[in-house]
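Trainee: Below is target-v4.cif; it holds mmCIF, C-alpha atoms.
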data_input
#
loop_
_atom_site.label_atom_id
_atom_site.label_comp_id
_atom_site.auth_asym_id
_atom_site.auth_seq_id
_atom_site.Cartn_x
_atom_site.Cartn_y
_atom_site.Cartn_z
CA MET A 1 0.00 0.00 0.00
CA ARG A 2 1.45 3.37 -1.04
CA ILE A 3 1.72 5.94 1.76
CA SER A 4 1.45 9.55 0.60
CA VAL A 5 2.98 12.58 2.27
CA THR A 6 -0.54 13.62 3.26
CA HIS A 7 -1.14 10.27 4.96
CA ILE A 8 2.08 10.61 6.91
CA PHE A 9 1.16 14.14 7.99
CA LEU A 10 -2.30 13.06 9.12
CA LEU A 11 -0.87 10.14 11.04
CA SER A 12 1.63 12.33 12.79
CA VAL A 13 -1.15 14.71 13.81
CA MET A 14 -3.35 11.81 14.92
CA PHE A 15 -0.77 10.42 17.28
CA ALA A 16 0.92 13.69 18.31
CA LEU A 17 4.67 13.99 18.42
CA CYS A 18 6.32 12.20 21.29
CA SER A 19 7.46 14.50 24.09
CA CYS A 20 9.99 12.05 25.45
CA GLY A 21 12.90 13.87 23.88
CA THR A 22 16.21 12.38 22.84
CA PRO A 23 19.24 13.08 25.01
CA PRO A 24 22.30 14.53 23.28
CA GLN A 25 24.92 11.96 22.40
CA GLY A 26 27.06 11.07 25.37
CA THR A 27 24.78 12.64 28.01
CA THR A 28 22.84 9.53 28.98
CA SER A 29 24.59 6.65 30.67
CA GLN A 30 23.36 3.58 32.54
CA GLU A 31 24.24 5.37 35.81
CA GLU A 32 22.43 8.63 34.92
CA ALA A 33 19.27 7.15 33.39
CA PRO A 34 16.70 5.06 35.26
CA GLN A 35 17.09 1.34 34.79
CA LYS A 36 14.30 -0.07 32.64
CA GLU A 37 13.54 -3.51 31.32
CA VAL A 38 13.98 -3.22 27.55
CA SER A 39 14.69 -6.02 25.11
CA LEU A 40 16.49 -5.84 21.77
CA GLN A 41 15.47 -7.73 18.65
CA LEU A 42 18.85 -8.99 17.46
CA TYR A 43 17.77 -8.61 13.83
CA SER A 44 18.69 -4.96 14.46
CA LEU A 45 22.34 -6.05 14.43
CA ARG A 46 22.08 -8.79 11.81
CA GLU A 47 25.21 -7.87 9.85
CA ASP A 48 27.36 -7.18 12.91
CA ILE A 49 26.30 -10.37 14.65
CA SER A 50 27.09 -12.46 11.58
CA LYS A 51 30.68 -11.16 11.69
CA ASP A 52 31.39 -10.93 15.43
CA TYR A 53 28.68 -12.74 17.37
CA GLU A 54 30.34 -12.91 20.79
CA ASN A 55 31.46 -9.29 20.87
CA VAL A 56 28.09 -7.99 19.69
CA ILE A 57 26.19 -9.91 22.39
CA LYS A 58 28.57 -8.48 24.98
CA LYS A 59 28.13 -4.92 23.71
CA VAL A 60 24.34 -5.18 23.77
CA GLY A 61 24.50 -6.07 27.45
CA GLU A 62 26.90 -3.22 28.17
CA MET A 63 24.48 -0.75 26.58
CA GLY A 64 21.86 -1.53 29.20
CA TYR A 65 19.47 -3.84 27.40
CA THR A 66 18.09 -6.41 29.83
CA SER A 67 17.07 -9.14 27.39
CA VAL A 68 17.19 -10.16 23.74
CA GLU A 69 14.85 -11.52 21.13
CA ALA A 70 16.64 -13.89 18.79
CA ALA A 71 16.29 -13.87 15.01
CA GLY A 72 18.75 -16.62 14.23
CA TYR A 73 17.14 -19.98 15.03
CA SER A 74 17.81 -22.76 12.53
CA ASP A 75 18.24 -26.53 12.70
CA GLY A 76 18.05 -26.62 16.48
CA LYS A 77 20.63 -23.87 17.02
CA PHE A 78 20.72 -20.13 17.61
CA TYR A 79 23.32 -18.30 15.53
CA GLY A 80 25.13 -21.61 15.14
CA ARG A 81 25.26 -22.15 18.91
CA THR A 82 23.43 -24.85 20.83
CA PRO A 83 20.45 -23.61 22.85
CA ALA A 84 22.44 -24.02 26.08
CA GLN A 85 25.44 -22.16 24.64
CA PHE A 86 23.27 -19.31 23.37
CA ARG A 87 21.57 -18.98 26.74
CA GLN A 88 24.93 -18.90 28.51
CA ASP A 89 26.32 -16.31 26.08
CA VAL A 90 23.38 -14.00 26.74
CA GLU A 91 23.44 -14.52 30.50
CA ASP A 92 27.20 -13.92 30.61
CA ALA A 93 26.46 -10.54 29.01
CA GLY A 94 24.11 -9.71 31.89
CA MET A 95 20.87 -10.34 29.99
CA ARG A 96 18.33 -13.10 29.46
CA VAL A 97 16.76 -14.72 26.41
CA LEU A 98 13.24 -13.33 26.31
CA SER A 99 11.94 -14.57 22.98
CA SER A 100 12.72 -15.64 19.45
CA HIS A 101 11.38 -14.94 15.98
CA THR A 102 10.94 -18.15 14.05
CA THR A 103 8.19 -19.98 12.21
CA LYS A 104 7.34 -22.66 9.69
CA SER A 105 4.87 -21.92 6.92
CA LEU A 106 2.36 -24.55 5.93
CA SER A 107 2.97 -26.43 2.72
CA ASP A 108 0.37 -26.16 -0.03
CA LYS A 109 -0.74 -29.66 0.87
CA GLU A 110 -1.17 -28.78 4.54
CA LEU A 111 -2.98 -25.56 3.71
CA LYS A 112 -5.47 -27.47 1.59
CA SER A 113 -5.89 -30.53 3.82
CA LYS A 114 -5.62 -28.79 7.21
CA ASP A 115 -3.43 -31.67 8.32
CA PHE A 116 -0.57 -29.93 10.14
CA SER A 117 1.15 -33.07 11.40
CA GLU A 118 4.33 -32.62 9.35
CA SER A 119 4.86 -29.03 10.45
CA LEU A 120 3.98 -29.87 14.05
CA ILE A 121 6.89 -32.32 14.21
CA TRP A 122 9.16 -29.37 13.43
CA TRP A 123 7.41 -27.26 16.03
CA ASP A 124 7.84 -29.86 18.76
CA GLN A 125 11.60 -29.82 18.16
CA CYS A 126 11.62 -26.04 17.94
CA ILE A 127 9.74 -25.63 21.23
CA GLU A 128 12.14 -27.94 23.03
CA ALA A 129 15.16 -26.00 21.71
CA HIS A 130 13.64 -22.75 22.92
CA ARG A 131 12.98 -24.24 26.34
CA GLU A 132 16.65 -25.17 26.55
CA ALA A 133 17.62 -21.64 25.53
CA GLY A 134 15.56 -20.22 28.36
CA ALA A 135 13.16 -18.35 26.08
CA LYS A 136 9.73 -17.49 27.41
CA TYR A 137 8.18 -16.67 24.04
CA ILE A 138 8.25 -17.85 20.43
CA VAL A 139 6.93 -15.34 17.89
CA ALA A 140 6.04 -15.99 14.26
CA PRO A 141 7.62 -13.00 12.48
CA SER A 142 5.25 -13.08 9.49
CA MET A 143 3.05 -15.35 7.39
CA PRO A 144 2.36 -15.94 3.69
CA ARG A 145 0.20 -13.54 1.67
CA LEU A 146 -3.02 -15.54 1.71
CA LYS A 147 -5.78 -15.26 -0.88
CA THR A 148 -8.97 -16.42 0.85
CA VAL A 149 -10.64 -16.23 4.25
CA LYS A 150 -10.67 -20.02 4.26
CA GLU A 151 -6.86 -20.04 4.09
CA LEU A 152 -6.72 -17.38 6.80
CA GLN A 153 -8.91 -19.52 9.06
CA THR A 154 -6.60 -22.47 8.44
CA TYR A 155 -3.69 -20.38 9.70
CA CYS A 156 -5.70 -19.36 12.76
CA ASP A 157 -6.31 -23.04 13.51
CA TYR A 158 -2.62 -23.76 12.95
CA PHE A 159 -1.48 -20.94 15.24
CA ASN A 160 -3.92 -22.09 17.92
CA GLU A 161 -2.41 -25.56 17.85
CA VAL A 162 1.17 -24.27 17.91
CA GLY A 163 0.22 -22.01 20.80
CA ARG A 164 -1.38 -24.89 22.67
CA ARG A 165 1.79 -26.95 22.34
CA CYS A 166 3.91 -24.01 23.49
CA ARG A 167 1.68 -23.51 26.51
CA GLU A 168 2.01 -27.17 27.47
CA LYS A 169 5.77 -26.67 27.64
CA GLY A 170 5.63 -23.42 29.59
CA LEU A 171 6.12 -21.03 26.65
CA SER A 172 3.83 -18.56 24.92
CA PHE A 173 3.30 -18.19 21.18
CA GLY A 174 2.69 -14.90 19.41
CA TYR A 175 2.39 -13.27 16.01
CA HIS A 176 4.31 -10.20 14.78
CA ASN A 177 2.75 -7.97 12.15
CA HIS A 178 4.00 -5.95 9.23
CA SER A 179 1.72 -3.63 7.24
CA PHE A 180 0.17 -6.15 4.85
CA GLU A 181 -2.03 -7.57 7.62
CA PHE A 182 -3.99 -4.30 7.52
CA THR A 183 -5.38 -5.06 4.09
CA LYS A 184 -8.55 -6.96 3.30
CA ILE A 185 -9.06 -10.51 2.10
CA GLU A 186 -12.55 -11.00 0.68
CA GLU A 187 -13.64 -7.78 2.45
CA VAL A 188 -12.26 -9.00 5.80
CA MET A 189 -9.48 -7.06 7.53
CA MET A 190 -6.75 -9.67 7.88
CA TYR A 191 -5.33 -8.48 11.22
CA ASP A 192 -8.74 -8.23 12.89
CA TYR A 193 -9.62 -11.71 11.71
CA LEU A 194 -6.39 -13.11 13.15
CA VAL A 195 -7.05 -11.54 16.55
CA GLU A 196 -10.69 -12.60 16.61
CA HIS A 197 -10.12 -16.20 15.49
CA THR A 198 -7.14 -17.14 17.62
CA HIS A 199 -7.59 -18.13 21.24
CA PRO A 200 -6.24 -15.62 23.78
CA GLU A 201 -4.77 -18.45 25.85
CA CYS A 202 -2.91 -19.81 22.83
CA VAL A 203 -1.88 -16.78 20.77
CA PHE A 204 -0.82 -13.29 21.80
CA PHE A 205 0.07 -10.47 19.44
CA GLN A 206 3.39 -8.70 19.24
CA MET A 207 2.38 -5.39 17.71
CA ASP A 208 5.02 -3.69 15.62
CA VAL A 209 3.89 -0.13 16.17
CA TYR A 210 5.77 1.28 13.17
CA TRP A 211 4.32 -1.21 10.70
CA THR A 212 0.87 -0.66 12.17
CA VAL A 213 1.20 3.05 11.43
CA MET A 214 2.50 2.24 7.95
CA GLY A 215 -0.69 0.21 7.51
CA GLN A 216 -2.55 3.48 8.18
CA GLN A 217 -3.85 2.26 11.53
CA SER A 218 -3.71 3.57 15.08
CA PRO A 219 -2.01 1.25 17.60
CA VAL A 220 -4.06 2.80 20.41
CA ASP A 221 -7.32 2.11 18.56
CA TYR A 222 -6.33 -1.55 18.37
CA PHE A 223 -5.41 -1.60 22.06
CA ASN A 224 -8.91 -0.41 22.88
CA LYS A 225 -10.58 -2.71 20.36
CA TYR A 226 -8.79 -5.84 21.59
CA PRO A 227 -7.69 -5.12 25.19
CA GLY A 228 -5.17 -7.45 26.70
CA ARG A 229 -4.07 -9.13 23.45
CA PHE A 230 -0.81 -7.23 22.91
CA GLU A 231 1.67 -8.77 25.32
CA HIS A 232 4.67 -7.44 23.39
CA LEU A 233 5.28 -4.21 21.55
CA HIS A 234 7.96 -3.89 18.90
CA ILE A 235 9.04 -0.31 19.43
CA LYS A 236 10.30 0.83 16.07
CA ASP A 237 10.58 3.98 13.99
CA ASN A 238 11.71 4.67 10.44
CA LYS A 239 15.28 4.55 11.75
CA GLU A 240 16.39 5.33 15.32
CA LEU A 241 13.55 5.78 17.80
CA GLY A 242 11.85 9.13 18.12
CA LYS A 243 13.37 10.79 15.08
CA SER A 244 10.71 10.63 12.36
CA GLY A 245 7.67 12.11 14.08
CA MET A 246 5.61 9.43 12.33
CA VAL A 247 4.82 7.33 15.41
CA GLY A 248 3.13 8.82 18.48
CA PHE A 249 5.07 6.97 21.13
CA ASP A 250 3.64 9.10 23.97
CA ALA A 251 0.08 7.95 23.19
CA ILE A 252 1.27 4.35 22.83
CA PHE A 253 3.13 4.31 26.15
CA LYS A 254 0.17 5.90 27.96
CA ASN A 255 -2.09 3.04 26.83
CA THR A 256 0.05 -0.01 27.55
CA ASP A 257 -2.14 -1.14 30.44
CA VAL A 258 -5.25 -1.58 28.30
CA ALA A 259 -3.12 -3.26 25.62
CA GLY A 260 -1.84 -5.84 28.11
CA VAL A 261 1.82 -5.06 27.44
CA LYS A 262 4.41 -7.03 29.39
CA HIS A 263 7.53 -6.38 27.31
CA LEU A 264 9.00 -3.64 25.11
CA ILE A 265 11.30 -4.82 22.34
CA VAL A 266 13.39 -2.39 20.31
CA GLU A 267 13.92 -3.09 16.63
CA VAL A 268 15.97 -0.89 14.30
CA GLU A 269 15.95 -1.93 10.65
CA LYS A 270 17.43 1.18 8.98
CA TYR A 271 20.12 3.47 10.31
CA ASN A 272 21.46 7.02 10.33
CA HIS A 273 24.51 5.73 12.20
CA PRO A 274 26.44 2.46 12.53
CA PRO A 275 23.97 -0.20 13.77
CA LEU A 276 25.48 -0.52 17.26
CA GLU A 277 25.24 3.23 17.76
CA SER A 278 21.69 3.27 16.41
CA VAL A 279 20.43 0.65 18.87
CA LYS A 280 22.22 2.45 21.72
CA ARG A 281 20.58 5.77 20.78
CA SER A 282 17.20 4.02 20.62
CA LEU A 283 17.66 2.61 24.11
CA ASP A 284 18.75 6.02 25.43
CA TYR A 285 15.55 7.47 24.01
CA LEU A 286 13.43 5.02 25.99
CA LEU A 287 15.47 5.43 29.17
CA ALA A 288 14.94 9.20 29.01
CA CYS A 289 11.22 8.96 28.17
CA PRO A 290 9.05 9.62 31.26
CA PHE A 291 6.15 7.66 29.79
CA VAL A 292 8.17 4.41 29.67
CA LYS A 293 7.83 2.35 32.84
CA GLU A 294 10.77 0.66 34.51
CA LYS A 295 8.95 -2.64 34.25
CA TYR A 296 5.77 -3.94 32.62
#
Can the structure in the file be given as structure tokens, please?
Mentor:
Amino acid sequence: MRISVTHIFLLSVMFALCSCGTPPQGTTSQEEAPQKEVSLQLYSLREDISKDYENVIKKVGEMGYTSVEAAGYSDGKFYGRTPAQFRQDVEDAGMRVLSSHTTKSLSDKELKSKDFSESLIWWDQCIEAHREAGAKYIVAPSMPRLKTVKELQTYCDYFNEVGRRCREKGLSFGYHNHSFEFTKIEEVMMYDYLVEHTHPECVFFQMDVYWTVMGQQSPVDYFNKYPGRFEHLHIKDNKELGKSGMVGFDAIFKNTDVAGVKHLIVEVEKYNHPPLESVKRSLDYLLACPFVKEKY
């Protein structure tokens, strides 16, 4: 969906510019700023971590992040490390493994037959690996572009079953949006259908506030429409947090209770600075923001 300059202006007015402010570089330290529980989606440092994994994990902890969300699970390992090794690496850096982005799309056969047994074998192994890594959450980072409501319902059934299996093992399963979920399939808003047809005890929603705005929607409106369903927020801007004026973070942070938020997760996909500096500036922004609680 194409976003015009007018749309962006209207959205910025709708949300109001955040009054948190961004501290000048070098003026906010872990000692000066209040300690807050903030997680980092490691996809933010995807290139750095592929070159110097151990040093990057250490630096993230030194910045003041309290936990991480992985984006490197494959074949039973995280960034090439066993689940136990990954957990130890993160804990040695003074953090914990909060969650992980990973998923398995249904095959065409499964989508048609609604027999998920093949994919569920993968999920059982995946869930066990995440338990060993100490993760509390597994989040599907996206899903295929579906064509019919029938296919969308099949995915709701699939997510409910994955979530049920996660819950049995002491984990929670969630879904992370982009902007395409705010389009219609057969006159049905895709995101609304997902929320309404997944069980709250099996599936939570990790709202990416930036992509929600890019879908021309108000995060706060969704908080009020589906209270309690948004256990995680991906706090993201066009680049570093609080710079674009496109996302009304003040309104978002003032409505976290109705949303059901338990964790804030920073994600930076584009940069004005080297990635490590960008994620540090984004954390400093949240530490300085009076609307951000120390703990959710």
Trainee: Hey, can you check how far atom CA of Arg167 of chain A sits from atom CA of Arg131 of chain A?
Mentor: 11.3 Å
Trainee: Mind checking which residues fall within 9 Å of Ala70 of chain A, counting all atoms listed in the file, ignoring those fewer than 2 positions away in the same chain, and posting them as a ChimeraX atom specification?
Mentor: /A:40-43,68,72-73,78-79,97-102
Trainee: Once the PyMOL selection byres ((chain A and resi 116) around 10) has been applied to the shown file, what residues remain in the selection, as a list in words?
Mentor: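 Taken on the displayed file, the PyMOL selection byres ((chain A and resi 116) around 10) yields the residues Leu106, Ser107, Lys109, Glu110, Leu111, Ser113, Lys114, Asp115, Ser117, Glu118, Ser119, Leu120, Ile121, Thr154, Asp157, Tyr158, Glu161 and Val162 of chain A.
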Trainee: For His273 of chain A, which of A:Glu240, A:Asp257, A:Glu54, A:Glu62 is the closest residue, counting only C-alpha atoms?
Mentor: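 The closest residue to His273 of chain A is A:Glu240.
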Trainee: So which residues get picked by the PyMOL selection byres ((chain A and resi 266) around 7) here, written as a PyMOL selection string?
Mentor: chain A and resi 39-41+234-236+264-265+267-268
Trainee: Between A:Val247, A:Val195, A:Val38, A:Leu45, single out the one closest to Thr66 of chain A, counting only C-alpha atoms.
Mentor: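 Of the candidates, the smallest distance to Thr66 of chain A is held by A:Val38.
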Trainee: I'd like to know which of A:Glu187, A:Glu231, A:Glu47, A:Asp75 is closest to Glu269 of chain A, using only C-alpha atoms.
Mentor: A:Glu47
Trainee: My list of candidates is A:Val149, A:Lys239, A:Asp250, A:Asp192. Which is closest to Tyr226 of chain A when distances are computed with only C-alpha atoms?
Mentor: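 Smallest separation from Tyr226 of chain A among the options: A:Asp192.
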Trainee: Have a look at A:Gln35, A:Ser179, A:Thr256, A:Thr148 and name the one nearest to Tyr65 of chain A; count all atoms listed in the file.
Mentor: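 Among A:Gln35, A:Ser179, A:Thr256, A:Thr148, it is A:Gln35 that comes nearest to Tyr65 of chain A.
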Trainee: Taking 5 positions as the minimum chain separation for residues in the same chain, which residues sit within 12 Å of Ala140 of chain A when counting all atoms listed in the file? Answer as a short mmCIF file (atom, residue, chain, number, x, y, z; two decimals) with C-alpha atoms, in the coordinates of the input.
Mentor:
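Result file follows (part_34.cif):
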data_model
loop_
_atom_site.label_atom_id
_atom_site.label_comp_id
_atom_site.auth_asym_id
_atom_site.auth_seq_id
_atom_site.Cartn_x
_atom_site.Cartn_y
_atom_site.Cartn_z
CA ALA A 70 16.64 -13.89 18.79
CA ALA A 71 16.29 -13.87 15.01
CA TYR A 73 17.14 -19.98 15.03
CA SER A 99 11.94 -14.57 22.98
CA SER A 100 12.72 -15.64 19.45
CA HIS A 101 11.38 -14.94 15.98
CA THR A 102 10.94 -18.15 14.05
CA THR A 103 8.19 -19.98 12.21
CA LYS A 104 7.34 -22.66 9.69
CA SER A 105 4.87 -21.92 6.92
CA TRP A 123 7.41 -27.26 16.03
CA TYR A 155 -3.69 -20.38 9.70
CA TYR A 158 -2.62 -23.76 12.95
CA PHE A 159 -1.48 -20.94 15.24
CA VAL A 162 1.17 -24.27 17.91
CA GLY A 163 0.22 -22.01 20.80
CA SER A 172 3.83 -18.56 24.92
CA PHE A 173 3.30 -18.19 21.18
CA GLY A 174 2.69 -14.90 19.41
CA TYR A 175 2.39 -13.27 16.01
CA HIS A 176 4.31 -10.20 14.78
CA ASN A 177 2.75 -7.97 12.15
CA HIS A 178 4.00 -5.95 9.23
CA VAL A 203 -1.88 -16.78 20.77
CA PHE A 204 -0.82 -13.29 21.80
CA PHE A 205 0.07 -10.47 19.44
CA GLN A 206 3.39 -8.70 19.24
CA MET A 207 2.38 -5.39 17.71
#
Trainee: Counting only C-alpha atoms, what is within 12 Å of Leu152 of chain A, bar same-chain residues fewer than 6 positions away, as a PyMOL selection string?
Mentor: chain A and resi 106+111-112+114+143-146+158-159+181+184-186+188-198
Trainee: I need the residue nearest Trp211 of chain A from this list: A:His130, A:Lys150, A:Asn238, A:His199. Use all atoms listed in the file for the distance.
Mentor: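 So, comparing all the options, the nearest one is A:Asn238.
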Trainee: For the file shown, report as a ChimeraX atom specification the outcome of the PyMOL selection byres ((chain A and resi 277-284) around 8) at residue level.
Mentor: /A:22-23,25,28-29,38,44,63-65,240-242,266-268,271-276,285-288
Trainee: Would you work out the distance separating atom CA of Cys166 of chain A from atom CA of Ala93 of chain A, expressed in Å to one decimal?
Mentor: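 Interatomic distance, atom CA of Cys166 of chain A to atom CA of Ala93 of chain A: 26.8 Å.
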Trainee: Any idea what the distance is between atom CA of Phe223 of chain A and atom CA of Phe182 of chain A?
Mentor: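 According to the coordinates, atom CA of Phe223 of chain A and atom CA of Phe182 of chain A are separated by 14.9 Å.
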Trainee: Using all atoms listed in the file, which residues sit within 12 Å of Asp92 of chain A once same-chain residues fewer than 3 positions away are excluded, as a count of residues only?
Mentor: 18
Trainee: I need segment 91-154 of chain A written out with C-alpha atoms, as a PDB file, in the first residue's frame; please produce it.
Mentor:
ATOM      1  CA  GLU A  91      23.444 -14.519  30.498  1.00  0.00           C
ATOM      2  CA  ASP A  92      27.202 -13.920  30.612  1.00  0.00           C
ATOM      3  CA  ALA A  93      26.463 -10.539  29.006  1.00  0.00           C
ATOM      4  CA  GLY A  94      24.107  -9.713  31.889  1.00  0.00           C
ATOM      5  CA  MET A  95      20.867 -10.336  29.992  1.00  0.00           C
ATOM      6  CA  ARG A  96      18.332 -13.104  29.457  1.00  0.00           C
ATOM      7  CA  VAL A  97      16.762 -14.720  26.411  1.00  0.00           C
ATOM      8  CA  LEU A  98      13.242 -13.334  26.308  1.00  0.00           C
ATOM      9  CA  SER A  99      11.935 -14.565  22.980  1.00  0.00           C
ATOM     10  CA  SER A 100      12.719 -15.635  19.448  1.00  0.00           C
ATOM     11  CA  HIS A 101      11.385 -14.936  15.976  1.00  0.00           C
ATOM     12  CA  THR A 102      10.939 -18.151  14.048  1.00  0.00           C
ATOM     13  CA  THR A 103       8.188 -19.980  12.211  1.00  0.00           C
ATOM     14  CA  LYS A 104       7.337 -22.662   9.689  1.00  0.00           C
ATOM     15  CA  SER A 105       4.872 -21.915   6.921  1.00  0.00           C
ATOM     16  CA  LEU A 106       2.359 -24.548   5.934  1.00  0.00           C
ATOM     17  CA  SER A 107       2.971 -26.425   2.716  1.00  0.00           C
ATOM     18  CA  ASP A 108       0.374 -26.157  -0.035  1.00  0.00           C
ATOM     19  CA  LYS A 109      -0.740 -29.664   0.874  1.00  0.00           C
ATOM     20  CA  GLU A 110      -1.171 -28.777   4.540  1.00  0.00           C
ATOM     21  CA  LEU A 111      -2.982 -25.561   3.713  1.00  0.00           C
ATOM     22  CA  LYS A 112      -5.470 -27.474   1.590  1.00  0.00           C
ATOM     23  CA  SER A 113      -5.894 -30.532   3.819  1.00  0.00           C
ATOM     24  CA  LYS A 114      -5.619 -28.785   7.207  1.00  0.00           C
ATOM     25  CA  ASP A 115      -3.431 -31.668   8.321  1.00  0.00           C
ATOM     26  CA  PHE A 116      -0.566 -29.929  10.140  1.00  0.00           C
ATOM     27  CA  SER A 117       1.153 -33.075  11.399  1.00  0.00           C
ATOM     28  CA  GLU A 118       4.335 -32.621   9.352  1.00  0.00           C
ATOM     29  CA  SER A 119       4.858 -29.033  10.454  1.00  0.00           C
ATOM     30  CA  LEU A 120       3.981 -29.872  14.053  1.00  0.00           C
ATOM     31  CA  ILE A 121       6.893 -32.323  14.211  1.00  0.00           C
ATOM     32  CA  TRP A 122       9.159 -29.367  13.427  1.00  0.00           C
ATOM     33  CA  TRP A 123       7.406 -27.260  16.033  1.00  0.00           C
ATOM     34  CA  ASP A 124       7.840 -29.860  18.764  1.00  0.00           C
ATOM     35  CA  GLN A 125      11.596 -29.820  18.161  1.00  0.00           C
ATOM     36  CA  CYS A 126      11.620 -26.037  17.943  1.00  0.00           C
ATOM     37  CA  ILE A 127       9.744 -25.633  21.226  1.00  0.00           C
ATOM     38  CA  GLU A 128      12.145 -27.942  23.027  1.00  0.00           C
ATOM     39  CA  ALA A 129      15.157 -26.005  21.710  1.00  0.00           C
ATOM     40  CA  HIS A 130      13.638 -22.745  22.921  1.00  0.00           C
ATOM     41  CA  ARG A 131      12.982 -24.237  26.337  1.00  0.00           C
ATOM     42  CA  GLU A 132      16.653 -25.172  26.555  1.00  0.00           C
ATOM     43  CA  ALA A 133      17.623 -21.643  25.528  1.00  0.00           C
ATOM     44  CA  GLY A 134      15.559 -20.220  28.363  1.00  0.00           C
ATOM     45  CA  ALA A 135      13.161 -18.350  26.080  1.00  0.00           C
ATOM     46  CA  LYS A 136       9.727 -17.494  27.406  1.00  0.00           C
ATOM     47  CA  TYR A 137       8.179 -16.666  24.040  1.00  0.00           C
ATOM     48  CA  ILE A 138       8.254 -17.851  20.432  1.00  0.00           C
ATOM     49  CA  VAL A 139       6.934 -15.342  17.886  1.00  0.00           C
ATOM     50  CA  ALA A 140       6.045 -15.989  14.262  1.00  0.00           C
ATOM     51  CA  PRO A 141       7.621 -12.998  12.479  1.00  0.00           C
ATOM     52  CA  SER A 142       5.248 -13.082   9.490  1.00  0.00           C
ATOM     53  CA  MET A 143       3.046 -15.345   7.385  1.00  0.00           C
ATOM     54  CA  PRO A 144       2.356 -15.943   3.686  1.00  0.00           C
ATOM     55  CA  ARG A 145       0.195 -13.542   1.669  1.00  0.00           C
ATOM     56  CA  LEU A 146      -3.018 -15.543   1.706  1.00  0.00           C
ATOM     57  CA  LYS A 147      -5.784 -15.257  -0.880  1.00  0.00           C
ATOM     58  CA  THR A 148      -8.970 -16.424   0.850  1.00  0.00           C
ATOM     59  CA  VAL A 149     -10.635 -16.227   4.246  1.00  0.00           C
ATOM     60  CA  LYS A 150     -10.670 -20.020   4.259  1.00  0.00           C
ATOM     61  CA  GLU A 151      -6.860 -20.043   4.089  1.00  0.00           C
ATOM     62  CA  LEU A 152      -6.725 -17.379   6.797  1.00  0.00           C
ATOM     63  CA  GLN A 153      -8.911 -19.517   9.062  1.00  0.00           C
ATOM     64  CA  THR A 154      -6.604 -22.473   8.438  1.00  0.00           C
TER      65      THR A 154
END
